[in-house]
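**Q** Take a look at the following structure, please.
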Amino acid sequence: MTVQMNVAEAKAKLSELLAAVDAGEEVIIARGGVPAARLVPVARTGVRLGLLEGVVSPGSIPDFLEPMSEEDLAEWGG
């Protein structure tokens, strides 16, 4: 579904428009009845850090940029 409204009304209802965009609706903002802009959700990419915060202690996460020890290399067949 597409929602279109003029700038003045969009200013007053910005929170509602953002909720509509989050729900998958297309929102068109018009000036004098002429479409001027379209609100779209921002593409969310990447990894969310902190997903396991409180579950995994920071000290248990290896530093993947550090060279592996001889023992670790042997375990991996290196």
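Note on naming: chains are A, B, ... as they come in the structure tokens, residues start from 1 per chain, ligands start from 1 in the order shown.
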Could you tell me, as a PyMOL selection string, which residues of chain A DSSP assigns to helix (DSSP H, G or I) when given the backbone?
**A** chain A and resi 7-12+14-22+58-60+70-75
**Q** Could you take the residues named above and write them with N, CA and C atoms, as a PDB file, in the first residue's frame?
**A**
```
ATOM      1  N   VAL A   7       3.702  17.971   2.587  1.00  0.00           N
ATOM      2  CA  VAL A   7       4.788  18.237   3.521  1.00  0.00           C
ATOM      3  C   VAL A   7       4.285  18.617   4.907  1.00  0.00           C
ATOM      4  N   ALA A   8       3.344  19.529   5.002  1.00  0.00           N
ATOM      5  CA  ALA A   8       2.863  19.999   6.304  1.00  0.00           C
ATOM      6  C   ALA A   8       2.295  18.845   7.126  1.00  0.00           C
ATOM      7  N   GLU A   9       1.503  18.001   6.507  1.00  0.00           N
ATOM      8  CA  GLU A   9       0.925  16.863   7.215  1.00  0.00           C
ATOM      9  C   GLU A   9       2.014  15.856   7.574  1.00  0.00           C
ATOM     10  N   ALA A  10       2.985  15.665   6.676  1.00  0.00           N
ATOM     11  CA  ALA A  10       4.080  14.728   6.937  1.00  0.00           C
ATOM     12  C   ALA A  10       4.913  15.184   8.133  1.00  0.00           C
ATOM     13  N   LYS A  11       5.124  16.496   8.278  1.00  0.00           N
ATOM     14  CA  LYS A  11       5.859  17.015   9.432  1.00  0.00           C
ATOM     15  C   LYS A  11       5.161  16.644  10.729  1.00  0.00           C
ATOM     16  N   ALA A  12       3.850  16.772  10.727  1.00  0.00           N
ATOM     17  CA  ALA A  12       3.072  16.504  11.935  1.00  0.00           C
ATOM     18  C   ALA A  12       2.987  15.015  12.249  1.00  0.00           C
ATOM     19  N   LEU A  14       5.409  12.530  11.315  1.00  0.00           N
ATOM     20  CA  LEU A  14       6.650  11.861  10.938  1.00  0.00           C
ATOM     21  C   LEU A  14       6.826  10.509  11.631  1.00  0.00           C
ATOM     22  N   SER A  15       6.549  10.438  12.912  1.00  0.00           N
ATOM     23  CA  SER A  15       6.694   9.164  13.635  1.00  0.00           C
ATOM     24  C   SER A  15       5.792   8.085  13.040  1.00  0.00           C
ATOM     25  N   GLU A  16       4.555   8.465  12.709  1.00  0.00           N
ATOM     26  CA  GLU A  16       3.624   7.507  12.102  1.00  0.00           C
ATOM     27  C   GLU A  16       4.117   7.055  10.725  1.00  0.00           C
ATOM     28  N   LEU A  17       4.678   7.980   9.958  1.00  0.00           N
ATOM     29  CA  LEU A  17       5.190   7.636   8.630  1.00  0.00           C
ATOM     30  C   LEU A  17       6.369   6.670   8.728  1.00  0.00           C
ATOM     31  N   LEU A  18       7.247   6.919   9.694  1.00  0.00           N
ATOM     32  CA  LEU A  18       8.386   6.007   9.877  1.00  0.00           C
ATOM     33  C   LEU A  18       7.908   4.615  10.290  1.00  0.00           C
ATOM     34  N   ALA A  19       6.892   4.548  11.121  1.00  0.00           N
ATOM     35  CA  ALA A  19       6.324   3.257  11.506  1.00  0.00           C
ATOM     36  C   ALA A  19       5.727   2.553  10.292  1.00  0.00           C
ATOM     37  N   ALA A  20       5.089   3.308   9.413  1.00  0.00           N
ATOM     38  CA  ALA A  20       4.511   2.728   8.195  1.00  0.00           C
ATOM     39  C   ALA A  20       5.619   2.167   7.294  1.00  0.00           C
ATOM     40  N   VAL A  21       6.719   2.910   7.188  1.00  0.00           N
ATOM     41  CA  VAL A  21       7.850   2.431   6.381  1.00  0.00           C
ATOM     42  C   VAL A  21       8.409   1.141   6.975  1.00  0.00           C
ATOM     43  N   ASP A  22       8.549   1.116   8.300  1.00  0.00           N
ATOM     44  CA  ASP A  22       9.035  -0.097   8.968  1.00  0.00           C
ATOM     45  C   ASP A  22       8.118  -1.284   8.717  1.00  0.00           C
ATOM     46  N   PRO A  58      34.239 -11.611  27.273  1.00  0.00           N
ATOM     47  CA  PRO A  58      35.165 -11.044  26.287  1.00  0.00           C
ATOM     48  C   PRO A  58      36.525 -11.735  26.276  1.00  0.00           C
ATOM     49  N   GLY A  59      36.975 -12.232  27.423  1.00  0.00           N
ATOM     50  CA  GLY A  59      38.272 -12.899  27.490  1.00  0.00           C
ATOM     51  C   GLY A  59      38.304 -14.248  26.789  1.00  0.00           C
ATOM     52  N   SER A  60      37.127 -14.820  26.509  1.00  0.00           N
ATOM     53  CA  SER A  60      37.096 -16.138  25.874  1.00  0.00           C
ATOM     54  C   SER A  60      37.111 -16.052  24.351  1.00  0.00           C
ATOM     55  N   GLU A  70      52.215 -22.476  18.077  1.00  0.00           N
ATOM     56  CA  GLU A  70      52.662 -23.742  17.453  1.00  0.00           C
ATOM     57  C   GLU A  70      51.695 -24.870  17.791  1.00  0.00           C
ATOM     58  N   GLU A  71      51.199 -24.866  19.022  1.00  0.00           N
ATOM     59  CA  GLU A  71      50.256 -25.895  19.453  1.00  0.00           C
ATOM     60  C   GLU A  71      48.958 -25.827  18.645  1.00  0.00           C
ATOM     61  N   ASP A  72      48.429 -24.608  18.463  1.00  0.00           N
ATOM     62  CA  ASP A  72      47.206 -24.439  17.677  1.00  0.00           C
ATOM     63  C   ASP A  72      47.430 -24.835  16.220  1.00  0.00           C
ATOM     64  N   LEU A  73      48.591 -24.456  15.672  1.00  0.00           N
ATOM     65  CA  LEU A  73      48.913 -24.833  14.294  1.00  0.00           C
ATOM     66  C   LEU A  73      48.945 -26.346  14.137  1.00  0.00           C
ATOM     67  N   ALA A  74      49.524 -27.033  15.109  1.00  0.00           N
ATOM     68  CA  ALA A  74      49.604 -28.496  15.045  1.00  0.00           C
ATOM     69  C   ALA A  74      48.203 -29.112  15.079  1.00  0.00           C
ATOM     70  N   GLU A  75      47.315 -28.536  15.917  1.00  0.00           N
ATOM     71  CA  GLU A  75      45.944 -29.040  15.988  1.00  0.00           C
ATOM     72  C   GLU A  75      45.214 -28.880  14.665  1.00  0.00           C
TER      73      GLU A  75
END
```
**Q** With a distance cut-off of 12 Å and only C-alpha atoms, select the neighbouring residues of A:Ala36, excluding the residue or stretch itself and same-chain residues fewer than 4 positions from it, and output the selection as a list in words.
**A**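 Within the cut-off, the hits are Gln4, Met5, Asn6, Val7, Val27, Ile28, Ile29, Ala30, Arg31 and Gly32 of chain A.
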**Q** Record the distance separating atom CA of A:Val56 and atom CA of A:Trp76, expressed in Å with one decimal.
**A**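 It comes out at 23.6 Å.
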**Q** If you measure from atom CA of A:Val40 to atom CA of A:Gly24, what distance in Å do you get, rounded to one decimal?
**A** 8.6 Å
**Q** What does the distance from atom CA of A:Thr2 to atom CA of A:Pro41 come to in Å, to one decimal?
**A**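 So the two atoms, atom CA of A:Thr2 and atom CA of A:Pro41, lie 14.0 Å apart.
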**Q** Rank nothing, just name the residue among A:Ile61, A:Leu39, A:Leu52, A:Met68 nearest to A:Glu26, using only C-alpha atoms.
**A**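 So, comparing all the options, the nearest one is A:Leu39.
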**Q** Just list as a list in words whatever in stretch 1-72 of chain A DSSP marks as strand (DSSP E).
**A** Thr2, Val3, Gln4, Met5, Asn6, Glu26, Val27, Ile28, Ile29, Ala30, Arg31, Val34, Pro35, Ala36, Ala37, Arg38 and Leu39 of chain A
